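> First the structure, which I've put down as structure tokens, then a few questions once you've had a look.
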Amino acid sequence: MPELAKAYEPQQVEDRLYAKWQDEGLFKANPKSGRPAYSIVMPPPNVTGKLHLGHVLNNTVQDILCRKARMEGKEVLWLPGTDHAGLATQTMVEKQIRQTEKKTRHDFTREEFIERVWQWKEEFGGIITSQLRKIGCSCDWSRERFTMDTDYERAVQEVFVKLHREGLIYRGKRMVNWCPASLTAISDEEVIPQKQKGFLYHVRYELVETPGQFLEVATTRPETIMADVALAVKPGGKWAHLVGKKAWRPLHREQIPIIADEAVEEGFGTGVLKVTPAHDKVDYEIGKRHHLPVLDILTPNAKINDPGDHDAAELHGLDRFDARKRASELLSERGLLVKEESYENNVGFSERANVPIEPRLSEQWFLKYPNIPEALALVQKGHVKFYPEHWTKVYEHWLENIQDWCISRQIWWGHRVPVWYKDGEKEICQIESPGPGWEQDPDSLDTWFSSWLWAYETMRTEDGTRQKFYPTSALVTGPDIIFLWVARMLIAGLHFKPNGTKETEEKTLAANLAFKDVYYTGLIRDKQGRKMSKQLGNSPDPLDLIAQYGADGLRFGLVRIAPQGQDIRFDEKQIEEGRNFCNKLWNICRFRAMQGEIDSNAEPWKHPRTIFSNELLDRLHIVLQGESSVKQALDRYKFSEAANVLYDFVWNDFASRFVEAAKSDFAQADSPTRAGTLATFDYVMSHVLRLLHPFAPFVTEELWGNLGFSTLSIQAALWPTQSPRPKDGSSRAQEIYTSADLGRQLRGEVKLPSNQRVPFYLVPSSLITKDHPLTDEQNAVLAAFLNATTIEILDQAPANPGPKAFTPLGDLYLPATGLVDPTVERDRLTKELAKTEKDLEQTRRKLGDANMLAKAPPAKVEEWRALEISLTEKEKSLRAALEKLG
RNA sequence: GCGCGGUUAGCUCAGUGGUAGAGCACUACAUUGACACUGUAGGGGUCACAGGUUCAAACCCUGUAUCGCGCACCA
């Protein structure tokens with residue numbers, strides 16, 4: 001057996017083991033396998049992305065699920081890949097070209113530019129997947145997919161053609177969210193509302209029929225006044241008498257009608273609304289209702305486009321925000337600005353470019369979502385389960401208020417819209433060019449229009465992968481993409497039925513669910529609770545953390561603080577704890593290795609055992625099968641709970657108690673229980689390593705091999721689900737542990753230095769019957785825990801008793817003389833007496849309440865009675881001791 | 001405005017009706033043959049607030065405050 005290093009050194013282990021796993025093909029999924037399938041598709045990270053803590057958490061959770069499933073004997077497919085991230089990638093490559101060659105995308109042909117993006121992807125696109133390997137992800141890299149793979153691209157276009165044929169995809173001129181920085185439309189889901197400080201400008205519009213009279217309008221956007229085509233007031237409201245009259249538009253002066261429309265709220269602003277159909281969604285609707293013209297005065301990059309010789313001509317060509325300022329100055333100069341009021345409102349920002357979006361009328365492709373009622377029913381009927389469950393409300397709300405999806409983007413990098421035009425009128429939707437003279441639509445598709453096929457399109461192979469592994473078992477993702485991805489993947493499964501139709505509706509559904517369980521991770525925030533972002537620089541690089549604490553430390557630390565459905569406040573201390581835990585585990589095993597060969601098939605049941613072995617086996621049973629077992633926790637996707645159960649078991653039950661007790665046994669070569677203790681040690685260690693493997697794959701694999709449990713990977717070992725409970729009870733072990741705690745407290749309270757070894761005296765309580773006195777072995781263990789020279793068993797209290805602890809075993813005394821300062825001792829006793837009296841009072845109050853006695857369960861009442869007796873006894877004894885001290 | 005989630009020790013958080021918990025941080029002691037990435041002990045809490053249900057409430061109900069998130073509105 002190789003000698004283990006004094007501390008676990010992850011750097012020596014991780015890369016070597018990962019390479020070995022890869023070489024042995026342990027992560028490869030075999031669709032021909034007879035084992036039950038378990039599958040997860042990885043939410044594809046952005047190909048331009050770099051690993052951040054969110055990825056670490058998300059992928060660690062997936063890895064836990066997959067490694068556990070493998071150990072349960074399932075055939076596991078964890079399918080990795082990356083997303084072409086149309087706009088983000090295009091922007092990044094454009095930036096690079098601008099910096100290195102001082103060129104823009106328009107200096108290239110579309111084909112040339114796309115070629116450059118591919119070059120970039122070949123060079124840098126593998127960064128994030130190599131980083132995922134560093135954290136130990138057990139995905140099947142031989143099946144890695146990219147949303148721009150040839151097959152995948154074709155599938156996306158096929159889907160477009162199909163939906164077009166079904167009339168669900170259509171082209172239309174509509175108000176869309178326009179990003180003036182990226183020069184493309186984006187979907188509603190990619191618009192992030194943000195609070196903006198600005199002004200509400202109160203502007204006077206002169207009435208045409210009654211010069212000198214004005215109508216006051218409040219607006220946040222005076223730069224769009226030139227596009228006003230009407231003023232609207234509330235029907236039947238206080239301005240109703242003006243309906244049908246006209247007002248002078250104050251910039252680019254012209255007459256515009258005054259109309260009445262229900263959209264106007266009298267309580268807001270001045271109760272008069274300027275109607276600018278080209279630049280506001282509500283106004284556009286009003287315009288349609290009243291057959292008003294649409295005057296567009298903004299260029300695609302949001303500069304004023306209102307040329308010609310008019311009174312606001314100087315605004316032409318200005319950026320929208322400069323124009324806003326200048327417009328207000330112009331109005332002010334003309335005496336038409338009543339006031340500028342400070343104002344905060346919500347403005348939609350483009351998620352990608354982080355600039356305010358412009359509502360803009362443009363020709364775009366839209367998808368009318370199919371299968372909405374079915375998608376709702378999926379979740380409501382429990383075919384798909386969300387963890388935590390409360391996200392179902394969000395899902396339902398979105399589906400119930402769903403709008404058509406704007407799927408076209410004015411970008412080059414992505415899946416091109418498979419529609420062809422000729423002579424400006426003929427239009428054909430098909431993948432290949434219909435022939436000479438036909439031109440393809442220049443738009444590309446929203447990246448999410450490709451990712452919504454991810455769950456099954458990635459499994460399109462000849463070898464039966466999809467039949468074996470689709471529907472997938474679980475999806476692990478963030479709640480921020482419930483709409484963008486989760487809901488749409490479910491809809492895609494429902495509509496395209498990738499696994500075909502079966503004889504019944506129920507079976508068709510079951511075969512075509514994208515996934516059965518969805519686990520939403522929390523968002524990782526910094527110590528102050530802020531979102532992590534590049535701008536703030538508050539996001540630690542996971543690779544730095546791995547270098548410092550090891551991948552297992554990072555994984556375990558993160559999972560342990562990530563309760564289901566809660567955001568996580570990240571603190572590096574927590575990763576340190578993860579590392580420390582790995583080291584603890586390492587050292588337990590190291591200690592065991594020092595005691596001789598390990599029996600990989602140890603059966604503690606065959607040997608005589610100490611009560612301490614039994615106690616540990618009992619605790620293991622609870623960890624495996626109890627109400628708060630690892631299994632219970634993982635079945636409910638409570639990863640942090642499972643990690644904490646293991647943490648507690650390993651650190652406290654195993655290391656602090658069992659190992660310490662075992663030392664007494666190992667100290668004597670001819671101990672009758674030595675073999676049993678070793679077997680218990682090996683047996684529990686084997687279980688612990690296996691249980692921890694999904695959480696901390698490297699250290700467990702390394703120990704598994706080094707200790708000689710098997711020459712095979714620990715991943716080939718069985719996931720433990722049960723372990724018998726020792727028949728002979730272990731209450732004595734608990735009594736000793738508790739007594740040891742109390743005795744140590746006593747030592748602390750009288751300020752004995754922890755290295756000072758002293759004798760103790762024990763007067764066993766009557767409950768420790770004469771039939772079960774403390775054995776020599778038990779005595780030795782207790783003495784070791786207490787750092788006692790001896791524990792002398794007495795029939796009655798010593799004539800001159802020292803400080804005393806009340807323990808389950810009886811009264812435990814320190815020697816009376818020499819050790820303790822009487823003042824310190826008096827303080828200690830007084831304090832303990834006060835606490836005892838308080839507890840006693842509380843208990844007596846309960847027992848004195850007839851109502852309570854009558855209605856509480858008898859078992860509880862018994863507990864209280866027993867408590868009262870022992871507290872009374874303790875109180876009496878404390879008083880006596882105090883009296884003696886004088 | 002609607003919905004969701006939170007408010008428990010200095011910090012991060014467990015805790016689904018029966019004497020308030022863990023880790024970290026802090027303090028003291030300890031370098032004893034697994035581990036200083038350690039061990040032992042200690043101090044530290046009106047469980048946000050107010051009502052209600054109950055024999056009994058951190059926990060269940062109602063309301064309030066406050067923080068965060070989402071949706072809608074956004075002249």
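To be explicit about the labels: the chains of the structure tokens are called A, B, and onward in the order shown, and within each one the residues are counted from 1, while ligands get numbers from 1 in the order they are shown.
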Should the cut-off be 6 Å, what would the residue list for chain A against chain B look like, counting only C-alpha atoms (C1' of nucleotides), as a list in words?

Ala218, Thr219, Leu273, Asn345, Asn346, Asn580, Asn587, Ile588, Arg590, Phe591, Gly748, Pro753, Ser754, Asn755, Asn851, Met852 and Lys855 of chain A

> When you look at His290 in chain A with a cut-off of 10 Å (counting only C-alpha atoms (C1' of nucleotides)), what residues show up, excluding the ones that are within fewer than 5 positions of it in the same chain? I need them as a list in words.

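Near His290 in chain A, the qualifying residues are Ala230, Ile259, Ala260, Asp261, Tyr284 and Glu285 of chain A.
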
> Give me every strand (DSSP E) residue in range 130-378 of chain A, going by DSSP on the backbone, as a compact mmCIF listing (two decimals) with N, CA, C and O atoms, in the first residue's frame.


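Dumped everything to selection.txt:
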```txt
# COMPACT_ATOMS: atom_id res chain seq x y z
N ARG A 145 -21.51 18.47 -28.76
CA ARG A 145 -22.22 19.11 -29.88
C ARG A 145 -22.05 20.62 -29.83
O ARG A 145 -21.81 21.21 -28.78
N PHE A 146 -22.26 21.22 -30.99
CA PHE A 146 -22.21 22.66 -31.13
C PHE A 146 -23.45 23.06 -31.92
O PHE A 146 -23.81 22.35 -32.87
N ILE A 169 -45.01 30.00 -38.42
CA ILE A 169 -44.00 31.04 -38.60
C ILE A 169 -44.49 31.96 -39.71
O ILE A 169 -44.94 31.50 -40.76
N TYR A 170 -44.44 33.24 -39.42
CA TYR A 170 -44.90 34.21 -40.43
C TYR A 170 -44.02 35.43 -40.38
O TYR A 170 -43.29 35.67 -39.42
N ARG A 171 -44.08 36.19 -41.45
CA ARG A 171 -43.30 37.41 -41.53
C ARG A 171 -44.26 38.57 -41.39
O ARG A 171 -45.36 38.54 -41.93
N GLY A 172 -43.83 39.59 -40.65
CA GLY A 172 -44.75 40.71 -40.49
C GLY A 172 -44.04 41.96 -40.07
O GLY A 172 -42.94 41.92 -39.52
N LYS A 173 -44.71 43.09 -40.39
CA LYS A 173 -44.17 44.37 -39.97
C LYS A 173 -44.81 44.69 -38.63
O LYS A 173 -46.02 44.87 -38.55
N ARG A 174 -44.00 44.71 -37.61
CA ARG A 174 -44.55 44.88 -36.27
C ARG A 174 -43.59 45.71 -35.42
O ARG A 174 -42.43 45.90 -35.75
N MET A 175 -44.10 46.13 -34.30
CA MET A 175 -43.23 46.80 -33.34
C MET A 175 -42.39 45.73 -32.67
O MET A 175 -42.92 44.77 -32.12
N VAL A 176 -41.08 45.91 -32.71
CA VAL A 176 -40.20 44.96 -32.04
C VAL A 176 -39.25 45.73 -31.12
O VAL A 176 -39.18 46.96 -31.16
N ASN A 177 -38.53 44.95 -30.32
CA ASN A 177 -37.49 45.56 -29.48
C ASN A 177 -36.23 45.66 -30.31
O ASN A 177 -35.67 44.65 -30.72
N TRP A 178 -35.82 46.87 -30.57
CA TRP A 178 -34.67 47.07 -31.44
C TRP A 178 -33.47 47.50 -30.60
O TRP A 178 -33.56 48.42 -29.79
N CYS A 179 -32.36 46.81 -30.80
CA CYS A 179 -31.16 47.20 -30.08
C CYS A 179 -30.31 48.08 -31.00
O CYS A 179 -29.76 47.59 -31.99
N THR A 184 -30.07 45.02 -34.26
CA THR A 184 -30.93 43.87 -34.53
C THR A 184 -32.14 43.92 -33.62
O THR A 184 -32.13 44.61 -32.60
N ALA A 185 -33.16 43.18 -34.06
CA ALA A 185 -34.31 42.99 -33.18
C ALA A 185 -33.95 41.97 -32.12
O ALA A 185 -33.10 41.12 -32.34
N ILE A 186 -34.58 42.06 -30.95
CA ILE A 186 -34.42 41.02 -29.95
C ILE A 186 -35.80 40.66 -29.39
O ILE A 186 -36.76 41.39 -29.59
N VAL A 191 -35.14 41.62 -23.12
CA VAL A 191 -35.21 43.02 -22.71
C VAL A 191 -35.27 43.06 -21.18
O VAL A 191 -36.12 42.44 -20.57
N ILE A 192 -34.33 43.77 -20.59
CA ILE A 192 -34.26 43.84 -19.13
C ILE A 192 -34.69 45.23 -18.68
O ILE A 192 -34.01 46.21 -18.98
N PRO A 193 -35.82 45.31 -17.97
CA PRO A 193 -36.23 46.63 -17.49
C PRO A 193 -35.29 47.14 -16.39
O PRO A 193 -34.91 46.38 -15.51
N GLN A 194 -34.92 48.38 -16.50
CA GLN A 194 -34.07 48.97 -15.46
C GLN A 194 -34.61 50.33 -15.09
O GLN A 194 -35.08 51.08 -15.94
N LYS A 195 -34.50 50.62 -13.82
CA LYS A 195 -34.93 51.94 -13.34
C LYS A 195 -33.96 52.99 -13.87
O LYS A 195 -32.75 52.82 -13.78
N GLN A 196 -34.54 54.06 -14.41
CA GLN A 196 -33.71 55.12 -14.95
C GLN A 196 -34.13 56.46 -14.37
O GLN A 196 -35.31 56.78 -14.32
N LYS A 197 -33.13 57.24 -13.96
CA LYS A 197 -33.44 58.60 -13.51
C LYS A 197 -33.47 59.49 -14.74
O LYS A 197 -32.54 59.47 -15.55
N GLY A 198 -34.55 60.25 -14.87
CA GLY A 198 -34.64 61.14 -16.02
C GLY A 198 -35.57 62.29 -15.68
O GLY A 198 -35.71 62.65 -14.50
N PHE A 199 -36.18 62.83 -16.67
CA PHE A 199 -37.10 63.95 -16.44
C PHE A 199 -38.42 63.70 -17.15
O PHE A 199 -38.47 63.04 -18.18
N LEU A 200 -39.45 64.26 -16.55
CA LEU A 200 -40.73 64.32 -17.21
C LEU A 200 -40.85 65.77 -17.70
O LEU A 200 -40.89 66.69 -16.90
N TYR A 201 -40.83 65.90 -19.02
CA TYR A 201 -40.87 67.25 -19.61
C TYR A 201 -42.33 67.63 -19.85
O TYR A 201 -43.07 66.88 -20.48
N HIS A 202 -42.72 68.79 -19.32
CA HIS A 202 -44.08 69.26 -19.56
C HIS A 202 -44.04 70.27 -20.71
O HIS A 202 -43.42 71.32 -20.60
N VAL A 203 -44.69 69.90 -21.81
CA VAL A 203 -44.57 70.68 -23.05
C VAL A 203 -45.94 71.25 -23.43
O VAL A 203 -46.96 70.58 -23.28
N ARG A 204 -45.92 72.51 -23.91
CA ARG A 204 -47.19 73.14 -24.31
C ARG A 204 -47.41 72.99 -25.81
O ARG A 204 -46.56 73.31 -26.62
N TYR A 205 -48.57 72.45 -26.17
CA TYR A 205 -48.96 72.34 -27.57
C TYR A 205 -50.07 73.37 -27.79
O TYR A 205 -51.12 73.33 -27.14
N GLU A 206 -49.84 74.28 -28.70
CA GLU A 206 -50.83 75.34 -28.94
C GLU A 206 -52.01 74.80 -29.74
O GLU A 206 -51.83 74.01 -30.67
N PHE A 214 -53.25 76.59 -24.86
CA PHE A 214 -52.32 75.46 -24.99
C PHE A 214 -52.85 74.21 -24.29
O PHE A 214 -53.62 74.32 -23.33
N LEU A 215 -52.40 73.09 -24.79
CA LEU A 215 -52.65 71.83 -24.11
C LEU A 215 -51.30 71.33 -23.62
O LEU A 215 -50.34 71.29 -24.38
N GLU A 216 -51.25 70.98 -22.32
CA GLU A 216 -49.96 70.59 -21.76
C GLU A 216 -49.80 69.06 -21.81
O GLU A 216 -50.70 68.34 -21.42
N VAL A 217 -48.64 68.65 -22.28
CA VAL A 217 -48.36 67.23 -22.43
C VAL A 217 -47.11 66.89 -21.62
O VAL A 217 -46.15 67.65 -21.63
N ALA A 218 -47.14 65.77 -20.91
CA ALA A 218 -45.95 65.34 -20.18
C ALA A 218 -45.30 64.19 -20.94
O ALA A 218 -45.97 63.23 -21.31
N THR A 219 -44.01 64.31 -21.18
CA THR A 219 -43.32 63.25 -21.92
C THR A 219 -41.91 63.06 -21.37
O THR A 219 -41.30 63.98 -20.84
N ALA A 230 -50.50 62.86 -33.32
CA ALA A 230 -51.78 63.22 -32.70
C ALA A 230 -51.54 63.49 -31.21
O ALA A 230 -50.47 63.19 -30.68
N LEU A 231 -52.54 64.09 -30.58
CA LEU A 231 -52.59 64.13 -29.12
C LEU A 231 -53.81 63.32 -28.73
O LEU A 231 -54.85 63.40 -29.40
N ALA A 232 -53.68 62.55 -27.68
CA ALA A 232 -54.82 61.74 -27.28
C ALA A 232 -55.27 62.13 -25.87
O ALA A 232 -54.44 62.44 -25.01
N VAL A 233 -56.59 62.14 -25.67
CA VAL A 233 -57.15 62.42 -24.35
C VAL A 233 -58.13 61.31 -24.00
O VAL A 233 -58.51 60.52 -24.86
N LYS A 246 -57.54 70.58 -33.38
CA LYS A 246 -56.15 70.32 -33.74
C LYS A 246 -55.20 71.09 -32.85
O LYS A 246 -55.59 72.08 -32.21
N ALA A 247 -53.96 70.58 -32.82
CA ALA A 247 -52.92 71.28 -32.05
C ALA A 247 -51.70 71.42 -32.94
O ALA A 247 -51.53 70.69 -33.93
N TRP A 248 -50.88 72.39 -32.56
CA TRP A 248 -49.62 72.57 -33.29
C TRP A 248 -48.55 71.71 -32.65
O TRP A 248 -48.27 71.79 -31.46
N GLN A 255 -49.77 70.74 -37.95
CA GLN A 255 -51.04 70.51 -37.25
C GLN A 255 -51.26 69.01 -37.05
O GLN A 255 -51.10 68.23 -37.99
N ILE A 256 -51.62 68.64 -35.82
CA ILE A 256 -51.96 67.24 -35.57
C ILE A 256 -53.31 67.17 -34.86
O ILE A 256 -53.68 68.08 -34.11
N PRO A 257 -54.05 66.12 -35.11
CA PRO A 257 -55.41 66.03 -34.55
C PRO A 257 -55.40 65.68 -33.05
O PRO A 257 -54.45 65.08 -32.56
N ILE A 258 -56.45 66.05 -32.39
CA ILE A 258 -56.68 65.64 -31.01
C ILE A 258 -57.73 64.54 -31.03
O ILE A 258 -58.82 64.74 -31.57
N ILE A 259 -57.34 63.40 -30.49
CA ILE A 259 -58.25 62.25 -30.54
C ILE A 259 -58.55 61.75 -29.13
O ILE A 259 -57.90 62.15 -28.16
N ALA A 260 -59.53 60.89 -29.04
CA ALA A 260 -59.86 60.28 -27.73
C ALA A 260 -59.52 58.80 -27.79
O ALA A 260 -59.86 58.12 -28.76
N VAL A 272 -52.86 64.19 -20.93
CA VAL A 272 -52.83 64.28 -22.39
C VAL A 272 -51.61 63.53 -22.87
O VAL A 272 -50.51 63.68 -22.33
N LEU A 273 -51.82 62.72 -23.89
CA LEU A 273 -50.74 61.85 -24.37
C LEU A 273 -50.36 62.24 -25.78
O LEU A 273 -51.23 62.39 -26.65
N LYS A 274 -49.04 62.40 -25.98
CA LYS A 274 -48.62 62.61 -27.37
C LYS A 274 -48.49 61.24 -28.03
O LYS A 274 -47.99 60.30 -27.42
N VAL A 275 -48.98 61.14 -29.24
CA VAL A 275 -49.03 59.84 -29.90
C VAL A 275 -47.94 59.77 -30.97
O VAL A 275 -47.94 60.55 -31.92
N LEU A 337 -41.75 75.00 -22.95
CA LEU A 337 -41.44 74.02 -21.90
C LEU A 337 -41.92 74.58 -20.56
O LEU A 337 -41.42 75.59 -20.09
N VAL A 338 -42.90 73.94 -19.99
CA VAL A 338 -43.46 74.42 -18.73
C VAL A 338 -42.52 74.09 -17.58
O VAL A 338 -42.20 74.93 -16.75
N LYS A 339 -42.08 72.83 -17.53
CA LYS A 339 -41.13 72.45 -16.49
C LYS A 339 -40.47 71.11 -16.84
O LYS A 339 -40.96 70.34 -17.66
N GLU A 340 -39.35 70.89 -16.17
CA GLU A 340 -38.69 69.59 -16.21
C GLU A 340 -38.77 69.01 -14.82
O GLU A 340 -38.21 69.56 -13.89
N GLU A 341 -39.45 67.89 -14.72
CA GLU A 341 -39.66 67.30 -13.42
C GLU A 341 -38.75 66.08 -13.30
O GLU A 341 -38.71 65.26 -14.22
N SER A 342 -38.03 65.98 -12.17
CA SER A 342 -37.23 64.77 -11.98
C SER A 342 -38.14 63.55 -11.98
O SER A 342 -39.22 63.59 -11.37
N TYR A 343 -37.70 62.50 -12.60
CA TYR A 343 -38.61 61.38 -12.79
C TYR A 343 -37.83 60.09 -12.93
O TYR A 343 -36.77 60.05 -13.55
N GLU A 344 -38.36 59.05 -12.30
CA GLU A 344 -37.72 57.75 -12.45
C GLU A 344 -38.69 56.79 -13.11
O GLU A 344 -39.82 56.63 -12.65
N ASN A 345 -38.27 56.20 -14.19
CA ASN A 345 -39.15 55.23 -14.83
C ASN A 345 -38.35 54.01 -15.27
O ASN A 345 -37.13 53.98 -15.21
N ASN A 346 -39.08 52.98 -15.67
CA ASN A 346 -38.44 51.77 -16.15
C ASN A 346 -38.16 51.87 -17.63
O ASN A 346 -39.05 52.19 -18.41
N VAL A 347 -36.94 51.59 -18.00
CA VAL A 347 -36.58 51.60 -19.41
C VAL A 347 -36.05 50.22 -19.76
O VAL A 347 -35.28 49.62 -19.00
N GLY A 348 -36.49 49.70 -20.90
CA GLY A 348 -36.01 48.39 -21.32
C GLY A 348 -34.60 48.49 -21.89
O GLY A 348 -34.33 49.31 -22.75
N PHE A 349 -33.72 47.64 -21.37
CA PHE A 349 -32.35 47.61 -21.87
C PHE A 349 -32.11 46.31 -22.64
O PHE A 349 -32.67 45.27 -22.29
N SER A 350 -31.29 46.41 -23.62
CA SER A 350 -30.88 45.22 -24.35
C SER A 350 -29.96 44.40 -23.45
O SER A 350 -28.98 44.91 -22.92
N GLU A 358 -34.99 50.46 -28.49
CA GLU A 358 -35.95 51.33 -29.16
C GLU A 358 -37.10 50.46 -29.65
O GLU A 358 -36.87 49.48 -30.36
N PRO A 359 -38.35 50.81 -29.30
CA PRO A 359 -39.47 50.16 -29.98
C PRO A 359 -39.40 50.59 -31.43
O PRO A 359 -39.26 51.79 -31.70
N ARG A 360 -39.43 49.65 -32.32
CA ARG A 360 -39.22 50.04 -33.71
C ARG A 360 -40.08 49.17 -34.61
O ARG A 360 -40.20 47.97 -34.41
N LEU A 361 -40.64 49.80 -35.61
CA LEU A 361 -41.47 49.08 -36.55
C LEU A 361 -40.56 48.46 -37.60
O LEU A 361 -39.79 49.15 -38.26
N SER A 362 -40.58 47.15 -37.69
CA SER A 362 -39.76 46.55 -38.74
C SER A 362 -40.32 45.21 -39.16
O SER A 362 -41.14 44.60 -38.48
N GLU A 363 -39.81 44.75 -40.27
CA GLU A 363 -40.25 43.49 -40.85
C GLU A 363 -39.45 42.37 -40.21
O GLU A 363 -38.23 42.36 -40.29
N GLN A 364 -40.14 41.45 -39.54
CA GLN A 364 -39.44 40.39 -38.83
C GLN A 364 -40.19 39.08 -38.99
O GLN A 364 -41.36 39.06 -39.39
N TRP A 365 -39.50 38.00 -38.62
CA TRP A 365 -40.14 36.68 -38.60
C TRP A 365 -40.62 36.39 -37.18
O TRP A 365 -39.91 36.64 -36.21
N PHE A 366 -41.83 35.85 -37.12
CA PHE A 366 -42.41 35.54 -35.80
C PHE A 366 -42.88 34.10 -35.75
O PHE A 366 -43.27 33.53 -36.77
N LEU A 367 -42.83 33.57 -34.53
CA LEU A 367 -43.39 32.24 -34.32
C LEU A 367 -44.56 32.33 -33.38
O LEU A 367 -44.48 32.92 -32.30
```

> Would you mind writing down, as a VMD selection string, each residue of range 301-524 of chain A that DSSP on the backbone assigns to alpha helix (DSSP H)?

chain A and resid 320 to 333 372 to 380 391 to 400 447 to 451 454 to 457 465 to 469 488 to 496 505 to 512

> Could you check the closest approach to Pro808 in chain A for each of A:Pro370, A:Pro857, A:Gly49, A:Gly743 and tell me which residue wins, using only C-alpha atoms?

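Going through A:Pro370, A:Pro857, A:Gly49, A:Gly743 one by one, the smallest distance to Pro808 in chain A is for A:Gly743.
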
> Please, what distance in Å, to one decimal, runs between CA of Arg143 in chain A and CA of Trp78 in chain A?

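Those two atoms sit 9.0 Å apart.
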
> List the neighbours of range 128-139 of chain A out to 8 Å using only C-alpha atoms (C1' of nucleotides); skip same-chain residues closer than 6 positions along the sequence, and give me the result as a list in words.

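So the residues in contact are Glu14, Asp15, Tyr18, Phe27, Lys28, Pro45, Val47, Thr48, Gly49, Lys50, Leu51, Val56, Asn59, Thr60, Asp63, Cys66, Arg67, Leu77, Trp78, Leu79, Pro80, Gly81, Leu543, Ile546, Ala551, Asp552, Arg555, Pro697 and Phe698 of chain A.
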
> Mind checking which residues fall within 12 Å of U62 in chain B, counting only C-alpha atoms (C1' of nucleotides), ignoring those fewer than 5 positions away in the same chain, and posting them as number ranges by chain?

B: 50-53

> Neighbours of Val750 in chain A within 7 Å (only C-alpha atoms (C1' of nucleotides); same-chain residues fewer than 3 positions away dropped), as a count of residues only?

5

> Hey, what's within 10 Å of C60 in chain B if we count only C-alpha atoms (C1' of nucleotides) and toss same-chain stuff fewer than 2 positions away? As a list in words, please?

U16, G17, U53, U54 and A57 of chain B

> Write out as JSON lines the residues of range 577-620 of chain A that have any atom within 12 Å of an atom of range 773-794 of chain A, one row each with the nearest atom pair and its distance in Å to one decimal, counting only C-alpha atoms, sorted by chain and then rising number.


```
{"residue": "A:Arg609", "atom": "CA", "partner": "A:Glu777", "partner_atom": "CA", "distance": 11.7}
{"residue": "A:Thr610", "atom": "CA", "partner": "A:Glu777", "partner_atom": "CA", "distance": 8.7}
{"residue": "A:Ile611", "atom": "CA", "partner": "A:Gln778", "partner_atom": "CA", "distance": 8.6}
{"residue": "A:Phe612", "atom": "CA", "partner": "A:Gln778", "partner_atom": "CA", "distance": 9.1}
```

> Save the residues we just selected, N, CA, C and O atoms, as a PDB file, in the first residue's frame?


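Below you can see selection24.pdb, which holds the result:
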```pdb
ATOM      1  N   ARG A 609     -17.281  -7.091  18.289  1.00  0.00           N
ATOM      2  CA  ARG A 609     -17.053  -5.652  18.092  1.00  0.00           C
ATOM      3  C   ARG A 609     -17.229  -4.883  19.390  1.00  0.00           C
ATOM      4  O   ARG A 609     -17.966  -5.302  20.292  1.00  0.00           O
ATOM      5  N   THR A 610     -16.603  -3.732  19.423  1.00  0.00           N
ATOM      6  CA  THR A 610     -16.830  -2.831  20.554  1.00  0.00           C
ATOM      7  C   THR A 610     -18.171  -2.130  20.374  1.00  0.00           C
ATOM      8  O   THR A 610     -18.732  -2.087  19.269  1.00  0.00           O
ATOM      9  N   ILE A 611     -18.660  -1.552  21.469  1.00  0.00           N
ATOM     10  CA  ILE A 611     -19.886  -0.755  21.365  1.00  0.00           C
ATOM     11  C   ILE A 611     -19.663   0.458  20.476  1.00  0.00           C
ATOM     12  O   ILE A 611     -20.596   0.985  19.888  1.00  0.00           O
ATOM     13  N   PHE A 612     -18.403   0.880  20.358  1.00  0.00           N
ATOM     14  CA  PHE A 612     -18.128   2.066  19.531  1.00  0.00           C
ATOM     15  C   PHE A 612     -18.245   1.726  18.050  1.00  0.00           C
ATOM     16  O   PHE A 612     -18.722   2.527  17.256  1.00  0.00           O
TER      17      PHE A 612
END
```

> Please determine, counting only C-alpha atoms (C1' of nucleotides), which residue among B:A20, B:A48, B:A25, B:U31 has the shortest atom-to-atom distance to A65 in chain B.

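Ranked by minimum distance to A65 in chain B, first place goes to B:A48.
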
> For a test of reading the model, state the distance in Å between CA of Pro356 in chain A and CA of Trp448 in chain A, rounded to one decimal.

21.5 Å

> May I have the residues within 12 Å of C49 in chain B as number ranges by chain, using only C-alpha atoms (C1' of nucleotides) and disregarding those fewer than 6 positions away in the same chain?

B: 7, 63-66

> For those residues, write C-alpha atoms (C1' of nucleotides) to a file as a JSON list (two decimals), in the first residue's frame.


```json
[["chain", "number", "residue", "atom", "x", "y", "z"],
["B", 7, "U", "C1'", -35.81, 38.26, 7.46],
["B", 63, "G", "C1'", -51.78, 41.43, 8.72],
["B", 64, "U", "C1'", -47.51, 44.97, 8.85],
["B", 65, "A", "C1'", -42.47, 46.35, 7.97],
["B", 66, "U", "C1'", -38.22, 45.46, 5.20]]
```
